[in-house]
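To start, the structure under review is shown below, and the notes come after it.
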Amino acid sequence: MPEVLESQIHARAPARTVRLNLVLQRLGLVAVIVAVWWLLALRVPHYVLPGPARVWDALKLIAANGNLWQDLGITLGRVGTGFVLATLVGLPLGIIFGANRRLGDFFEPIIPVMNTVSSAIWATFAIIWFGVSNATTVFVVFMTAMPLIITNVWQGTRTVNADFIELAHVLRMPSWKVMIKVYLPTILPYFFSGARLAFGFGWRVSLVAETLGSSSGVGYRLRQAADLIQTDQVFAWTLTLVVMMAVLEMGILRPLENYLFRWKKEAEKQ
Amino acid sequence: MNAAAVAADAGAITVRGVSKWFSTAEGTPLQVLDNIDLTIAAQAIVAIIGASGCGKSTLLNIISGLVTPERGDIILNGIPARNFSDWRSISYMFQEDRLLPWRTALRNVEFSLEAGSMPRAEREARARDALKLVGLESFADAFPYQLSGGMRSRVALARSLVQEPCILLMDEPFSRLDALTRAQMHEELLRIQQLKRMTIVFVTHDVEEAVVLADRVVIMAPRPGRIRDTATIALARPRDATEAATARQAHELKSLI
């Protein structure tokens with residue numbers, strides 16, 4: 001029996017063939033989408049739906065004049081700042097609300113209210129308070145991401161196993177170590193799914209904020225291109241965003257999650 | 001061995017006149033232990049048995065310092081519990097294995113050493129030794145979900161042993177294992193006790209388990225919890241639960257409960 005278990009432990013990630021198969025499937029999906037797009041574009045004027053070739057040219061144009069990387073960097077910086085601030089505020093608050101029942105009960109109604117406030121409303125307020133500046137976008141991302149992180153971390157603290165706390169207590173472990181060694185690892189998966197959600201939301205609302213109150217960034221470029229009816233550039237920017245989200249998700253977040261939570265049973269990972 | 005274990009009284013436990021009340025929802029305190037007197041010699045193996053609700057787990061928790069009694073004294077290694085500071089020389093093994101699912105077997109064993117400030121390398125070396133002691137050195141990097149019930153129980157035992165305790169307290173530690181695995185764990189525990197010479201106090205529902213493991217059995221009666229009787233088990237070791245002498249002894253004990 002030990003041999004069987006040992007081989008089970010040393011069995012690593014799925015076989016190569018499975019992964020190759022998946023890559024081929026994804027490529028096939030992209031090919032289908034591009035083909036449908038191409039066919040549709042042949043029948044309508046280019047300012048309504050530009051074809052893939054036209055969008056590719058627009059992409060080369062914005063890449064060549066430097067807008068692409070600069071504005072992408074600006075937007076990413078704003079989303080990142082808002083997200084980091086939301087984490088710095090949301091993580092401790094989630095833990096505090098989770099650890100202190102009375103405080104949690106008191107503040108509980110605020111979270112769903114904050115989650116239902118439209119990002120357009122936050123953007124409007126942000127323009128009143130901060131004008132056309134970086135702070136406007138950062139604020140909108142922050143207000144959208146923070147409640148999501150609080151909610152998830154809060155939920156995570158409720159799953160902390162009292163048995164593990166007792167174990168640490170028997171070992172006379174100081175409470176700050178219990179926080180780091182028991183609370184944090186329990187909360188981490190919840191925080192991670194909250195952060196992922198918050199980052200995605202933050203990214204989307206940042207564009208809304210940038211179209212309304214900014215003179216740089218991807219959102220601003222999108223509006224500018226739309227105003228000038230440069231539909232091919234609108235498509236080029238959109239395509240860039242899609243690719244970037246895919247890279248972030250599949251290149252960073254998914255592998256990180258798989259590594260951090262490798263201790264979970266395969267069935268739980270779904 | 002650590003400094004405490006070298007002391008003459010290392011591992012000796014005295015429970016003197018201990019009474020304990022729990023507060024209830026109705027407001028009238030419920031007495032769970034009434035005037036318990038018990039002396040446990042160093043290196044002894046003592047079983048505490050009795051009907052459920054007789055306060056045997058509470059008694060174990062009081063010895064471990066988890067619960068403070070309203071009346072009476074605990075003396076550990078010759079030192080009154082209120083002046084006692086070397087709590088890390090006392091290990092507690094729970095009914096459940098309580099392995100942290102996000103840690104490997106090795107890192108779970110290390111957990112016991114992380115309350116203090118021991119350097120990481122020393123912690124790891126000691127944890128490896130403890131895993132070896134329970135025969136799991138090749139599973140150091142396995143996560144709990146990859147281990148069988150018996151192996152998880154061994155990791156929990158290694159975690160209790162890694163601090164080189166002079167007293168090991170166990171609350172029905174093997175009750176969730178199947179009979180065969182439990183018997184293996186009994187052998188394992190006795191082998192390690194022979195080697196390390198710590199005092200073992202364990203609570204059990206299982207009279208056969210008490211007879212196979214213990215030098216002395218304390219029988220408790222409920223409402224309020226008190227000691228009804230103690231019995232010395234003089235059978236030669238190793239003992240086998242299926243042997244007639246063992247069975248007879250178990251039968252005698254059952255009549256005392």
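Residue names in the structure tokens use chain letters A, B, ... in the order shown, residue numbers from 1 in each chain, and ligand numbers from 1 in the order shown.
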
Neighbours of B:Gln95 within 8 Å (only C-alpha atoms; same-chain residues fewer than 2 positions away dropped), as a JSON list (two decimals) with C-alpha atoms, in the first residue's frame?
[["chain", "number", "residue", "atom", "x", "y", "z"],
["B", 93, "MET", "CA", -2.58, 14.85, 21.34],
["B", 97, "ASP", "CA", -5.30, 14.59, 13.98],
["B", 170, "MET", "CA", -3.81, 12.14, 24.84],
["B", 171, "ASP", "CA", -7.56, 12.60, 24.49],
["B", 172, "GLU", "CA", -8.92, 9.46, 22.79],
["B", 173, "PRO", "CA", -6.16, 9.79, 20.21],
["B", 174, "PHE", "CA", -6.82, 6.62, 18.24],
["B", 175, "SER", "CA", -10.60, 6.36, 18.56],
["B", 176, "ARG", "CA", -11.16, 7.34, 14.93]]

**Study point:** Neighbour list for B:Pro144 as a ChimeraX atom specification, cut-off 7 Å, only C-alpha atoms, skip fewer than 4 positions in-chain
**Key:** /B:99,101,104-105,152

Practice item. Select residues of chain B: the criterion is any atom within 6 Å of an atom of chain A, counting only C-alpha atoms; output as a ChimeraX atom specification. Key: /B:102,115,143

Could you save the residues just selected, with N, CA and C atoms, as a PDB file, in the first residue's frame?
ATOM      1  N   TRP B 102      -2.743  22.865   4.669  1.00  0.00           N
ATOM      2  CA  TRP B 102      -1.866  23.580   3.732  1.00  0.00           C
ATOM      3  C   TRP B 102      -0.396  23.305   4.006  1.00  0.00           C
ATOM      4  N   ALA B 115       6.270  27.910  18.193  1.00  0.00           N
ATOM      5  CA  ALA B 115       5.831  28.888  19.192  1.00  0.00           C
ATOM      6  C   ALA B 115       7.024  29.675  19.724  1.00  0.00           C
ATOM      7  N   PHE B 143       1.202  16.101   1.459  1.00  0.00           N
ATOM      8  CA  PHE B 143       0.182  16.909   2.115  1.00  0.00           C
ATOM      9  C   PHE B 143      -0.810  15.976   2.802  1.00  0.00           C
TER      10      PHE B 143
END

**Study point:** Neighbour list for B:Asp206 as an MDAnalysis selection string, cut-off 10 Å, only C-alpha atoms, skip fewer than 4 positions in-chain
**Key:** chainID B and resid 47 49:50 172 174:175 210:211 250 254

Kindly export the residues of the current selection with C-alpha atoms, as a compact mmCIF listing (two decimals), in the first residue's frame.
# COMPACT_ATOMS: atom_id res chain seq x y z
CA ALA B 47 -5.42 5.50 31.36
CA ILE B 49 -11.74 5.67 31.66
CA GLY B 50 -15.36 6.23 32.57
CA GLU B 172 -8.92 9.46 22.79
CA PHE B 174 -6.82 6.62 18.24
CA SER B 175 -10.60 6.36 18.56
CA ALA B 210 -6.56 0.90 28.49
CA VAL B 211 -5.56 -2.66 29.41
CA ALA B 250 -10.75 -5.85 30.63
CA LYS B 254 -15.80 -3.05 32.87

Check your understanding: Which residue, A:Thr116, A:Thr137, A:Ser215, A:Asn258, has the smallest gap to A:Gly77 when you use only C-alpha atoms?
Key ->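 Checking each candidate against A:Gly77, we get A:Thr137 as the closest.
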
Exercise for review: Based on DSSP run over this structure's backbone, return all residues of stretch 70-183 of chain B in alpha helix (DSSP H), as a ChimeraX atom specification.
Suggested key: /B:105-110,120-133,149-161,179-183

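Reported to one decimal place, the separation of atom CA of A:Val36 from atom CA of A:Val205 is 28.6 Å.
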
Review point. What is the atom CA of B:Thr14-atom CA of B:Lys56 distance in Å, reported with one decimal?
Key: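 Pair atom CA of B:Thr14 / atom CA of B:Lys56 returns 15.5 Å.
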
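For the set A:Leu68, A:Leu256, A:Ala209, A:Ile110, the residue with the smallest atom-to-atom gap to A:Ser133 is A:Ala209, counting only C-alpha atoms.
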
Point to revise | Separation of atom CA of B:Val203 from atom CA of B:Ile13, in Å and rounded to one decimal | key: 15.3 Å

**Study point:** DSSP strand (DSSP E or B) selection over stretch 160-234 of chain B, as JSON, numbers by chain
**Key:** {"B": [167, 168, 169, 170, 171, 199, 200, 201, 202, 203, 216, 217, 218, 219, 220, 221, 225, 226, 227, 228, 229, 230, 231, 232]}

Review point. Got a sec: who's within 6 Å of B:Asn77, counting only C-alpha atoms, leaving out chain neighbours fewer than 2 positions off, as a list in words?
Key: Asp9, Ala10, Gly11, Ala12 and Ile79 of chain B

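Close contacts of B:Arg182, defined as residues with an atom at most 12 Å away when counting only C-alpha atoms, with chain neighbours fewer than 4 positions off set aside, comprise Gly149, Gly150, Met151, Ser153, Arg154, Glu172, Pro173, Phe174, Ser175, Arg176, Leu177, Asp178, His186, Glu187, Glu188, Leu189, Asp206, Glu208, Glu209, Val212, Leu213 and Ala241 of chain B.
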
Check your understanding: If we count only C-alpha atoms, what is near A:Gly219 at a cut-off of 12 Å, once residues fewer than 3 positions away on the same chain are taken out, given as an MDAnalysis selection string?
Key -> chainID A and resid 68 71:72 74:76 78:79 137 203:216 222:226 234 237:238 241

Exercise for review: Find the residues near A:Asn115: any atom within 10 Å, counting only C-alpha atoms, skip ones fewer than 6 places away on the same chain, and give them as a PyMOL selection string.
Suggested key: chain A and resi 143-148+151
